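*Asks:* Got a structure for you, questions after.
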Amino acid sequence: RAVRFACVLDFEVEAKTFKAIQKNAGWIQAISKERIRDEMVKIIESAQAAEGIDLLQKTNLLKYILPELEKGVGVSQNKHHIYDIYEHSLRSLKVTAEKDFSTEIRFAALFHDIGKPETKVGEGPDSTFYNHDYVGAKFTARILQRLKFPNKFIDKVVLLVRIHMFVSDPERLTEAGARRL
């Protein structure tokens, strides 16, 4: 709740409280998944959504709530991205909050590259992430089911993650892309 209050009310967590949260982060596992879901939704729906997720990471809570997302911390991407996977995901979420997009779109933006750490091949500017969209869709379904989201919500977010690589611009649509479509 401290993280939610910090991002919803736009304030910083007091230093001693912050350290206490870090020290006792493992106790989050004793909290019901429904309570965690409700707090996550409030964080994601806030104007400071990305900052809230980052605060979860800094307080050591993210590894218990969304370990799949935390696996992207420090994992570099290829020549098409300047940020690591985690930072890219946060920035994507930030844009959806700035544009006041729906909760489903905000979760999809946060999770759209969640499959990249699992599918990464190689290092440097030529590394690849083939099928990260499909792997990410499976991870997304697992996460949202674990947090007890309604099936209709899960289906929407999973679909958005699965098709996020789809290019609809006729000028950029390749023959292979047309076949996939």
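Simple scheme: letters A, B, ... for chains in structure tokens order, numbers from 1 for residues in each chain, numbers from 1 for ligands in the order shown.
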Counting only C-alpha atoms, what are the residues of stretch 29-138 of chain A within 10 Å of stretch 5-13 of chain A, and for each of them which pair of atoms is the nearest and at what distance in Å, to one decimal? Sort the table by chain and rising number, as CSV.

*Replies:*
residue,atom,partner,partner_atom,distance
A:Glu39,CA,A:Phe5,CA,9.5
A:Lys42,CA,A:Val8,CA,7.7
A:Ile43,CA,A:Cys7,CA,6.7
A:Ile44,CA,A:Cys7,CA,9.4
A:Glu45,CA,A:Val8,CA,8.7
A:Ser46,CA,A:Val8,CA,5.5
A:Ala47,CA,A:Val8,CA,7.1
A:Gln48,CA,A:Cys7,CA,5.2
A:Ala49,CA,A:Cys7,CA,6.8
A:Ala50,CA,A:Cys7,CA,8.8
A:Glu51,CA,A:Cys7,CA,6.7
A:Gly52,CA,A:Cys7,CA,5.3
A:Ile53,CA,A:Cys7,CA,9.1
A:Leu55,CA,A:Cys7,CA,8.7

*Asks:* Using 12 Å as the limit and counting only C-alpha atoms, can you tabulate each residue of stretch 49-124 of chain A that touches stretch 162-165 of chain A, with its shortest atom-to-atom distance in Å and the two atoms involved, as JSON lines?

*Replies:*
{"residue": "A:Ile105", "atom": "CA", "partner": "A:His164", "partner_atom": "CA", "distance": 11.0}
{"residue": "A:Ala108", "atom": "CA", "partner": "A:His164", "partner_atom": "CA", "distance": 8.8}
{"residue": "A:Ala109", "atom": "CA", "partner": "A:His164", "partner_atom": "CA", "distance": 9.0}
{"residue": "A:Leu110", "atom": "CA", "partner": "A:His164", "partner_atom": "CA", "distance": 11.8}
{"residue": "A:Phe111", "atom": "CA", "partner": "A:Arg162", "partner_atom": "CA", "distance": 10.1}
{"residue": "A:His112", "atom": "CA", "partner": "A:His164", "partner_atom": "CA", "distance": 6.9}
{"residue": "A:Asp113", "atom": "CA", "partner": "A:His164", "partner_atom": "CA", "distance": 9.1}
{"residue": "A:Ile114", "atom": "CA", "partner": "A:Arg162", "partner_atom": "CA", "distance": 10.9}
{"residue": "A:Gly115", "atom": "CA", "partner": "A:Arg162", "partner_atom": "CA", "distance": 10.2}

*Asks:* Quick one: pick out all helix (DSSP H, G or I) residues within chain A from a backbone DSSP run and write them as a PyMOL selection string.

*Replies:* chain A and resi 2-9+15-23+25-30+33-45+49-58+62-65+67-70+85-98+103-111+116-119+124-126+132-146+151-162+175-180

*Asks:* Leaving out stretch 127-129 of chain A and any residue of its chain fewer than 2 positions from it, which residues lie within 10 Å of it when counting only C-alpha atoms, given as a list in words?

*Replies:*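 So the residues in contact are Ser76, Gln77, Asn78, Lys79, Asp113, Gly115, Lys116, Pro117, Glu118, Thr119, Lys120, Val121, Gly122, Glu123, Gly124, Pro125, Asn131, His132 and Asp133 of chain A.
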
*Asks:* List the neighbours of A:Asn60 out to 10 Å using only C-alpha atoms; skip same-chain residues closer than 6 positions along the sequence, and give me the result as an MDAnalysis selection string.

*Replies:* chainID A and resid 21:26 54 70

*Asks:* Selected residues, all heavy atoms, written as a PDB file, in the first residue's frame, please.

*Replies:*
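Okay, this is what ended up in part.pdb:
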ATOM      1  N   ILE A  21      10.327  -1.768   4.349  1.00  0.00           N
ATOM      2  CA  ILE A  21       9.670  -2.486   3.245  1.00  0.00           C
ATOM      3  C   ILE A  21      10.689  -3.386   2.550  1.00  0.00           C
ATOM      4  O   ILE A  21      10.409  -4.554   2.276  1.00  0.00           O
ATOM      5  CB  ILE A  21       9.020  -1.505   2.245  1.00  0.00           C
ATOM      6  CG1 ILE A  21       7.873  -0.746   2.912  1.00  0.00           C
ATOM      7  CG2 ILE A  21       8.514  -2.254   1.011  1.00  0.00           C
ATOM      8  CD1 ILE A  21       7.337   0.427   2.087  1.00  0.00           C
ATOM      9  N   GLN A  22      11.871  -2.838   2.265  1.00  0.00           N
ATOM     10  CA  GLN A  22      12.923  -3.644   1.622  1.00  0.00           C
ATOM     11  C   GLN A  22      13.259  -4.878   2.456  1.00  0.00           C
ATOM     12  O   GLN A  22      13.373  -5.979   1.934  1.00  0.00           O
ATOM     13  CB  GLN A  22      14.193  -2.807   1.423  1.00  0.00           C
ATOM     14  CG  GLN A  22      14.119  -1.821   0.304  1.00  0.00           C
ATOM     15  CD  GLN A  22      15.413  -1.037   0.170  1.00  0.00           C
ATOM     16  OE1 GLN A  22      15.983  -0.561   1.163  1.00  0.00           O
ATOM     17  NE2 GLN A  22      15.872  -0.870  -1.056  1.00  0.00           N
ATOM     18  N   LYS A  23      13.427  -4.666   3.751  1.00  0.00           N
ATOM     19  CA  LYS A  23      13.819  -5.757   4.649  1.00  0.00           C
ATOM     20  C   LYS A  23      12.748  -6.836   4.741  1.00  0.00           C
ATOM     21  O   LYS A  23      13.049  -8.024   4.826  1.00  0.00           O
ATOM     22  CB  LYS A  23      14.108  -5.181   6.042  1.00  0.00           C
ATOM     23  CG  LYS A  23      14.518  -6.204   7.064  1.00  0.00           C
ATOM     24  CD  LYS A  23      14.741  -5.567   8.423  1.00  0.00           C
ATOM     25  CE  LYS A  23      14.990  -6.650   9.466  1.00  0.00           C
ATOM     26  NZ  LYS A  23      14.935  -6.103  10.818  1.00  0.00           N
ATOM     27  N   ASN A  24      11.491  -6.440   4.726  1.00  0.00           N
ATOM     28  CA  ASN A  24      10.375  -7.369   4.937  1.00  0.00           C
ATOM     29  C   ASN A  24       9.597  -7.689   3.662  1.00  0.00           C
ATOM     30  O   ASN A  24       8.479  -8.201   3.748  1.00  0.00           O
ATOM     31  CB  ASN A  24       9.419  -6.786   5.988  1.00  0.00           C
ATOM     32  CG  ASN A  24      10.092  -6.650   7.330  1.00  0.00           C
ATOM     33  OD1 ASN A  24      10.461  -7.633   7.948  1.00  0.00           O
ATOM     34  ND2 ASN A  24      10.273  -5.413   7.777  1.00  0.00           N
ATOM     35  N   ALA A  25      10.183  -7.425   2.513  1.00  0.00           N
ATOM     36  CA  ALA A  25       9.483  -7.602   1.235  1.00  0.00           C
ATOM     37  C   ALA A  25       8.933  -9.013   1.051  1.00  0.00           C
ATOM     38  O   ALA A  25       7.856  -9.204   0.479  1.00  0.00           O
ATOM     39  CB  ALA A  25      10.405  -7.237   0.068  1.00  0.00           C
ATOM     40  N   GLY A  26       9.640 -10.001   1.539  1.00  0.00           N
ATOM     41  CA  GLY A  26       9.206 -11.391   1.380  1.00  0.00           C
ATOM     42  C   GLY A  26       7.851 -11.692   1.994  1.00  0.00           C
ATOM     43  O   GLY A  26       7.161 -12.617   1.575  1.00  0.00           O
ATOM     44  N   ASP A  54       8.428   1.040 -10.677  1.00  0.00           N
ATOM     45  CA  ASP A  54       9.850   1.160 -10.352  1.00  0.00           C
ATOM     46  C   ASP A  54      10.067   1.172  -8.840  1.00  0.00           C
ATOM     47  O   ASP A  54      11.043   0.614  -8.345  1.00  0.00           O
ATOM     48  CB  ASP A  54      10.437   2.421 -10.990  1.00  0.00           C
ATOM     49  CG  ASP A  54      11.949   2.348 -11.095  1.00  0.00           C
ATOM     50  OD1 ASP A  54      12.492   1.251 -11.374  1.00  0.00           O
ATOM     51  OD2 ASP A  54      12.603   3.391 -10.916  1.00  0.00           O
ATOM     52  N   GLU A  70      10.799  -8.362 -13.574  1.00  0.00           N
ATOM     53  CA  GLU A  70      12.101  -8.012 -13.005  1.00  0.00           C
ATOM     54  C   GLU A  70      13.257  -8.682 -13.755  1.00  0.00           C
ATOM     55  O   GLU A  70      14.371  -8.175 -13.761  1.00  0.00           O
ATOM     56  CB  GLU A  70      12.166  -8.347 -11.516  1.00  0.00           C
ATOM     57  CG  GLU A  70      13.434  -7.793 -10.904  1.00  0.00           C
ATOM     58  CD  GLU A  70      13.426  -7.749  -9.400  1.00  0.00           C
ATOM     59  OE1 GLU A  70      13.333  -8.814  -8.789  1.00  0.00           O
ATOM     60  OE2 GLU A  70      13.521  -6.643  -8.860  1.00  0.00           O
TER      61      GLU A  70
END

*Asks:* If you measure from atom CA of A:Leu160 to atom CA of A:Leu61, what distance in Å do you get, rounded to one decimal?

*Replies:*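 Distance between the two atoms: 25.8 Å.
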
*Asks:* For A:Val167, which residue out of A:Arg179, A:Lys16, A:Arg1, A:Tyr130 is the nearest one, using only C-alpha atoms?

*Replies:*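 Selected residue with least distance to A:Val167: A:Arg179.
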
*Asks:* Between atom CA of A:Lys148 and atom CA of A:Ser32, what is the distance in Å, rounded to a tenth?

*Replies:*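 Result for atom CA of A:Lys148 versus atom CA of A:Ser32: 9.8 Å, one decimal.
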
*Asks:* May I ask which of the residues A:Phe149, A:Tyr86, A:Leu159, A:Val95 is the closest one to A:Leu62, counting only C-alpha atoms?

*Replies:*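 Nearest to A:Leu62: A:Tyr86.
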
*Asks:* Go ahead and compute the interatomic distance for atom CA of A:Leu69 and atom CA of A:Phe107, in Å to one decimal.

*Replies:*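 Computing the Euclidean distance for atom CA of A:Leu69 and atom CA of A:Phe107 yields 11.5 Å.
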